[in-house]
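The structure appears right after this line, and notes come after that.
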Amino acid sequence: MKGQALNGLKVIDLSWHIAGPYCTKLMADLGAQVIKIERPELGDPSRQEGPFPNDKPNLNASALYGYLNNNKQGITLNLKTERGLEIIKKLICDADILVENFSPKVMTGLGLGYEELKKINPRLVMTSISNFGQTGKYRDYEATELITQAMSGFISSIGEPEREPLRAGGALRMMEYITGAFAAMSTMAAVADRRRSGEGKHVDVSITECGLLQRSYPTVQNSFPTSPSKHTQRYVMMPSIEKCKDGYIGINLLTGKHWQDFCLMTEMYDWIDDPRFTTLFYRLQHKEIFRERFDKWLMQHTREEIIQLGAEWRVPVNPVPTFEEMISFPQYKEREFFVEVDHPVMGKVLQPGAPFHMSETPWKINSPAPLLGEHNSRVLGDELGISETELQILQAERVI
């Protein structure tokens, strides 16, 4: 059997919620040994978020936790105890990577700051994820997804211009997943550099700044010193997501050629050269006229008819499937994107897979997310040599 790309890497996962666990999930799914450390009795807060089978809360049956923590070994450890700190330092001694997303002061307050940890493991790459980064005036400020989106410019640029700004992605905590991906990438860059230098690094990742990277276009536009006007307009497309006879479709016109082909597709021949509609800017100025005619055409056609017309006229048209439809969508089935994971409590659940295929070092799910403290004996006993009797004492004292 072929190995995986990150076989041999040992990762200590001190993160919780989404951003940090998603970072370490990306590593675990590529073969890294990830030891996830959680609070005794309560575990990662995502265990309490669900969704749960039959809507019955269960620390060992959260679908969110399950998705974020496949392929990891799970142990419980109270870092506020002297014995707990001793154990975590032993685990760190031969680790390649440590990922944490506490508030910036927490790790230093526990005696686990990077300057301390590199004394016991100079090759350690430590990745710290926080709302605003490890430095700056805002470093200790509390934040939620709503705040980090606002501070990164997403909210001010989304929604109809005459209405209030909108949060991107609805209930999805988009910023945390984006940050987890950037954290994994920058961590692996530090690991690659270690091959040259032989020394570890401290990687400082800001959730807000990861969001700002997604706003590169208005950032560049506003930086032009000779620009007569700054970029303040919200991004609105027309046409965009549209309701048709039996559902929704997406249409996006990026070039002048797209507009011409769109007019031929919809048989609006008289609009091909009409200056009121040839560009997005002018379409938005005359949106009432545009909408009245286009909406009538949409309601005369089904999704499949419009998709076929789009393919025929080379107009960017795509379906907007519901999630139930997406699971069985032919494109995703052919690429085997959704994977089935057999969990000891939840049973067989379907989860998103990887958006990439690697020919020689495959991505795969080797084991479901751990139950709370499931691998205490394996990791603490087999790897650190702690006896079963001592493990029982540590559990009684709520160290694990």
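Labels used: A, B, ... for chains in the order of the structure tokens, numbers from 1 for residues in each chain, and numbers from 1 for ligands as shown.
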
Can you tell me which residues surround A:Asp94 at a distance of at most 12 Å, considering only C-alpha atoms, apart from same-chain residues fewer than 6 positions away, and format the answer as a count of residues only?
16

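Excluding stretch 331-344 of chain A itself and same-chain residues fewer than 4 positions from it, the residues having an atom within 7 Å of it are Lys348, Val349, Leu350, Gln351, Pro352, Gly353, Ala354 and Pro368 of chain A, counting only C-alpha atoms.
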
Taking only residues of stretch 47-155 of chain A that have an atom at most 12 Å from an atom of stretch 13-30 of chain A, what is each one's shortest atom pair and its distance in Å to one decimal, using only C-alpha atoms, in chain and number order, as a Markdown table?
| residue | atom | partner | partner_atom | distance |
| --- | --- | --- | --- | --- |
| A:Arg47 | CA | A:His17 | CA | 8.8 |
| A:Gln48 | CA | A:His17 | CA | 10.1 |
| A:Glu49 | CA | A:His17 | CA | 9.4 |
| A:Gly50 | CA | A:His17 | CA | 11.7 |
| A:Leu64 | CA | A:Ile18 | CA | 8.8 |
| A:Tyr65 | CA | A:His17 | CA | 8.4 |
| A:Gly66 | CA | A:Lys25 | CA | 10.5 |
| A:Tyr67 | CA | A:Lys25 | CA | 8.6 |
| A:Leu68 | CA | A:Tyr22 | CA | 5.6 |
| A:Asn69 | CA | A:Lys25 | CA | 5.9 |
| A:Asn70 | CA | A:Lys25 | CA | 6.9 |
| A:Asn71 | CA | A:Ala28 | CA | 5.6 |
| A:Lys72 | CA | A:Ala28 | CA | 6.3 |
| A:Gln73 | CA | A:Ala28 | CA | 9.6 |
| A:Gly74 | CA | A:Asp13 | CA | 9.3 |
| A:Ile75 | CA | A:Asp13 | CA | 10.2 |
| A:Thr76 | CA | A:Leu14 | CA | 10.6 |
| A:Leu77 | CA | A:Leu14 | CA | 10.1 |
| A:Asn78 | CA | A:Leu14 | CA | 11.4 |
| A:Leu79 | CA | A:Leu14 | CA | 10.2 |
| A:Ile88 | CA | A:Leu14 | CA | 9.8 |
| A:Leu91 | CA | A:Asp13 | CA | 10.9 |
| A:Ile92 | CA | A:Asp13 | CA | 10.4 |
| A:Ala95 | CA | A:Asp13 | CA | 10.5 |
| A:Asp96 | CA | A:Asp13 | CA | 11.2 |
| A:Ile97 | CA | A:Asp13 | CA | 8.4 |
| A:Leu98 | CA | A:Asp13 | CA | 6.0 |
| A:Val99 | CA | A:Asp13 | CA | 5.2 |
| A:Glu100 | CA | A:Ser15 | CA | 4.4 |
| A:Asn101 | CA | A:Ser15 | CA | 5.1 |
| A:Phe102 | CA | A:Ser15 | CA | 7.1 |
| A:Ser103 | CA | A:Ser15 | CA | 10.8 |
| A:Val106 | CA | A:Leu14 | CA | 11.6 |
| A:Met107 | CA | A:Leu14 | CA | 10.0 |
| A:Leu112 | CA | A:Leu14 | CA | 11.1 |
| A:Met126 | CA | A:Asp13 | CA | 10.2 |
| A:Thr127 | CA | A:Gly20 | CA | 9.0 |
| A:Ser128 | CA | A:Gly20 | CA | 8.5 |
| A:Ile129 | CA | A:Gly20 | CA | 6.8 |
| A:Ser130 | CA | A:Ala19 | CA | 9.0 |
| A:Asn131 | CA | A:Ala19 | CA | 10.1 |
| A:Thr144 | CA | A:His17 | CA | 11.4 |
| A:Glu145 | CA | A:Ile18 | CA | 10.9 |

C-alpha atoms of the current selection, written as a compact mmCIF listing (two decimals), in the first residue's frame:
# COMPACT_ATOMS: atom_id res chain seq x y z
CA ARG A 47 -18.67 18.60 20.35
CA GLN A 48 -21.57 20.60 21.78
CA GLU A 49 -22.55 22.31 18.52
CA GLY A 50 -23.84 19.39 16.51
CA LEU A 64 -19.22 19.14 13.07
CA TYR A 65 -16.65 17.63 15.41
CA GLY A 66 -16.72 14.40 13.42
CA TYR A 67 -15.88 16.14 10.15
CA LEU A 68 -13.08 18.27 11.62
CA ASN A 69 -11.32 15.49 13.51
CA ASN A 70 -11.19 12.36 11.39
CA ASN A 71 -7.85 10.53 11.39
CA LYS A 72 -6.76 12.07 14.72
CA GLN A 73 -5.88 10.41 18.00
CA GLY A 74 -7.79 11.99 20.86
CA ILE A 75 -6.63 12.40 24.46
CA THR A 76 -7.85 14.50 27.37
CA LEU A 77 -5.48 16.66 29.40
CA ASN A 78 -5.94 19.46 31.92
CA LEU A 79 -3.25 22.00 31.09
CA ILE A 88 2.17 17.95 27.25
CA LEU A 91 4.59 14.96 23.92
CA ILE A 92 6.09 18.11 22.43
CA ALA A 95 6.76 16.60 17.82
CA ASP A 96 7.21 18.28 14.45
CA ILE A 97 4.29 20.71 14.71
CA LEU A 98 2.08 22.24 17.40
CA VAL A 99 -1.11 24.07 16.42
CA GLU A 100 -3.08 26.23 18.86
CA ASN A 101 -5.78 28.87 18.54
CA PHE A 102 -6.14 30.25 22.04
CA SER A 103 -6.12 33.98 22.76
CA VAL A 106 -2.92 31.93 26.99
CA MET A 107 0.02 29.79 25.87
CA LEU A 112 3.92 27.00 26.78
CA MET A 126 4.42 26.19 16.35
CA THR A 127 1.40 27.68 14.60
CA SER A 128 -0.74 30.17 16.53
CA ILE A 129 -4.12 31.14 15.08
CA SER A 130 -6.00 34.10 16.55
CA ASN A 131 -8.59 36.68 15.55
CA THR A 144 -16.76 36.21 16.39
CA GLU A 145 -17.25 35.36 12.71

Neighbours of A:Asp246 within 9 Å (only C-alpha atoms; same-chain residues fewer than 4 positions away dropped), as a list in words?
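Near A:Asp246, the qualifying residues are Met299, His301, Thr302 and Arg303 of chain A.
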
Restricting the output to N, CA and C atoms, write the selected residues as a compact mmCIF listing (two decimals), in the first residue's frame.
# COMPACT_ATOMS: atom_id res chain seq x y z
N MET A 299 -39.15 32.53 -16.47
CA MET A 299 -40.30 31.73 -16.03
C MET A 299 -40.93 30.92 -17.16
N HIS A 301 -38.89 28.94 -18.93
CA HIS A 301 -37.91 27.89 -19.18
C HIS A 301 -37.54 27.16 -17.88
N THR A 302 -37.24 25.88 -18.02
CA THR A 302 -36.79 25.07 -16.88
C THR A 302 -35.28 25.21 -16.70
N ARG A 303 -34.79 24.72 -15.57
CA ARG A 303 -33.35 24.75 -15.33
C ARG A 303 -32.59 24.02 -16.43

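Closest approach to A:Leu212 among A:Met174, A:Ala183, A:Met237, A:Met151 is made by A:Met151 (distances from only C-alpha atoms).
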
Selection: 8 Å around A:Ser186, only C-alpha atoms, excl. self and same-chain fewer than 4 positions, as a short mmCIF file (atom, residue, chain, number, x, y, z; two decimals) with N, CA and C atoms, in the first residue's frame:
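Here's the written file part-v6.cif:
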data_model
loop_
_atom_site.label_atom_id
_atom_site.label_comp_id
_atom_site.auth_asym_id
_atom_site.auth_seq_id
_atom_site.Cartn_x
_atom_site.Cartn_y
_atom_site.Cartn_z
N PHE A 182 -5.08 28.41 5.17
CA PHE A 182 -3.86 29.22 5.14
C PHE A 182 -2.89 28.78 6.23
N ALA A 190 6.86 26.28 6.72
CA ALA A 190 7.86 26.32 7.80
C ALA A 190 8.54 24.97 7.98
N VAL A 203 4.72 30.36 13.60
CA VAL A 203 3.86 30.86 12.53
C VAL A 203 2.66 31.57 13.17
#

Using DSSP secondary structure from the backbone, list all strand (DSSP E or B) positions within stretch 166-224 of chain A, as a ChimeraX atom specification.
/A:202-206

How would the residues just chosen look if you wrote them out with N, CA and C atoms as a compact mmCIF listing (two decimals), in the first residue's frame?
# COMPACT_ATOMS: atom_id res chain seq x y z
N HIS A 202 7.96 30.00 14.53
CA HIS A 202 6.65 30.33 15.09
C HIS A 202 5.83 30.97 13.97
N VAL A 203 4.72 30.36 13.60
CA VAL A 203 3.86 30.86 12.53
C VAL A 203 2.66 31.57 13.17
N ASP A 204 2.48 32.83 12.86
CA ASP A 204 1.45 33.69 13.44
C ASP A 204 0.38 33.93 12.37
N VAL A 205 -0.83 33.39 12.58
CA VAL A 205 -1.89 33.48 11.58
C VAL A 205 -3.07 34.29 12.13
N SER A 206 -3.47 35.32 11.40
CA SER A 206 -4.59 36.18 11.78
C SER A 206 -5.83 35.84 10.94

Separation of atom CA of A:His375 from atom CA of A:Gln4, in Å and rounded to one decimal
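Interatomic distance, atom CA of A:His375 to atom CA of A:Gln4: 21.9 Å.
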
Once DSSP has gone over the backbone, tell me which residues of stretch 138-262 of chain A are in helix (DSSP H, G or I), as a PyMOL selection string.
chain A and resi 145-151+155-157+174-197+207-213+216-223+256-262

For A:Thr81: contacts at 12 Å, only C-alpha atoms, fewer than 3 positions along chain excluded, given as a list in words
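Residues near the query, excluding close chain neighbours: Arg39, Pro40, Leu77, Asn78, Gly84, Leu85, Glu86, Ile87, Ile88, Leu110, Gly111, Leu394, Glu397, Arg398, Val399 and Ile400 of chain A.
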
With N, CA and C atoms kept, could you save the residues just selected as a short mmCIF file (atom, residue, chain, number, x, y, z; two decimals), in the first residue's frame?
data_model
loop_
_atom_site.label_atom_id
_atom_site.label_comp_id
_atom_site.auth_asym_id
_atom_site.auth_seq_id
_atom_site.Cartn_x
_atom_site.Cartn_y
_atom_site.Cartn_z
N ARG A 39 -10.08 19.18 26.69
CA ARG A 39 -10.35 19.31 28.11
C ARG A 39 -11.04 18.05 28.62
N PRO A 40 -10.67 17.55 29.80
CA PRO A 40 -11.37 16.40 30.37
C PRO A 40 -12.86 16.72 30.55
N LEU A 77 -6.58 16.18 28.57
CA LEU A 77 -5.48 16.66 29.40
C LEU A 77 -5.82 18.04 29.96
N ASN A 78 -5.69 18.18 31.26
CA ASN A 78 -5.94 19.46 31.92
C ASN A 78 -4.63 20.23 31.99
N GLY A 84 -0.42 17.85 34.15
CA GLY A 84 -0.85 18.00 32.77
C GLY A 84 0.19 18.71 31.93
N LEU A 85 0.82 19.74 32.51
CA LEU A 85 1.87 20.47 31.79
C LEU A 85 3.09 19.59 31.56
N GLU A 86 3.42 18.75 32.52
CA GLU A 86 4.54 17.83 32.35
C GLU A 86 4.29 16.90 31.17
N ILE A 87 3.07 16.39 31.10
CA ILE A 87 2.73 15.43 30.04
C ILE A 87 2.77 16.10 28.67
N ILE A 88 2.19 17.30 28.56
CA ILE A 88 2.17 17.95 27.25
C ILE A 88 3.59 18.26 26.78
N LEU A 110 0.51 29.80 30.35
CA LEU A 110 0.64 28.41 30.79
C LEU A 110 2.09 27.95 30.83
N GLY A 111 3.00 28.81 30.39
CA GLY A 111 4.40 28.39 30.30
C GLY A 111 4.68 27.60 29.04
N LEU A 394 -4.63 9.60 37.36
CA LEU A 394 -4.73 10.87 36.65
C LEU A 394 -6.17 11.20 36.29
N GLU A 397 -8.02 12.31 39.39
CA GLU A 397 -7.61 13.66 39.78
C GLU A 397 -7.98 14.69 38.72
N ARG A 398 -8.65 14.25 37.67
CA ARG A 398 -9.13 15.10 36.56
C ARG A 398 -7.98 15.79 35.84
N VAL A 399 -6.85 15.10 35.80
CA VAL A 399 -5.73 15.57 34.97
C VAL A 399 -5.99 15.16 33.53
N ILE A 400 -6.62 13.98 33.35
CA ILE A 400 -6.99 13.52 32.00
C ILE A 400 -8.49 13.23 31.97
#

Using atom CA of A:Glu116 and atom CA of A:Arg194 as the two end points, give the distance in Å to one decimal.
18.6 Å

Write out as a PyMOL selection string each polymer residue whose atoms come within 8 Å of A:Cys210, counting only C-alpha atoms; drop sequence neighbours fewer than 6 positions from it.
chain A and resi 175+178-179+182

Which is closer to A:Arg291 than all the others in A:Asn58, A:Ser240, A:Gln214, A:Thr108, using only C-alpha atoms?
A:Ser240

Correct to one decimal, the distance atom CA of A:Tyr282-atom CA of A:Cys244 is 23.5 Å

Under the rule that only C-alpha atoms are counted, which of A:Ser197, A:Gln134, A:Gln285, A:Ser387 is the nearest residue to A:Met238?
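Between A:Ser197, A:Gln134, A:Gln285, A:Ser387, the residue approaching A:Met238 most closely is A:Gln285.
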
Under the rule that only C-alpha atoms are counted, which of A:Glu209, A:Ala61, A:Ile386, A:Met326 is the nearest residue to A:Gly133?
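The shortest atom-to-atom distance to A:Gly133 comes from A:Glu209.
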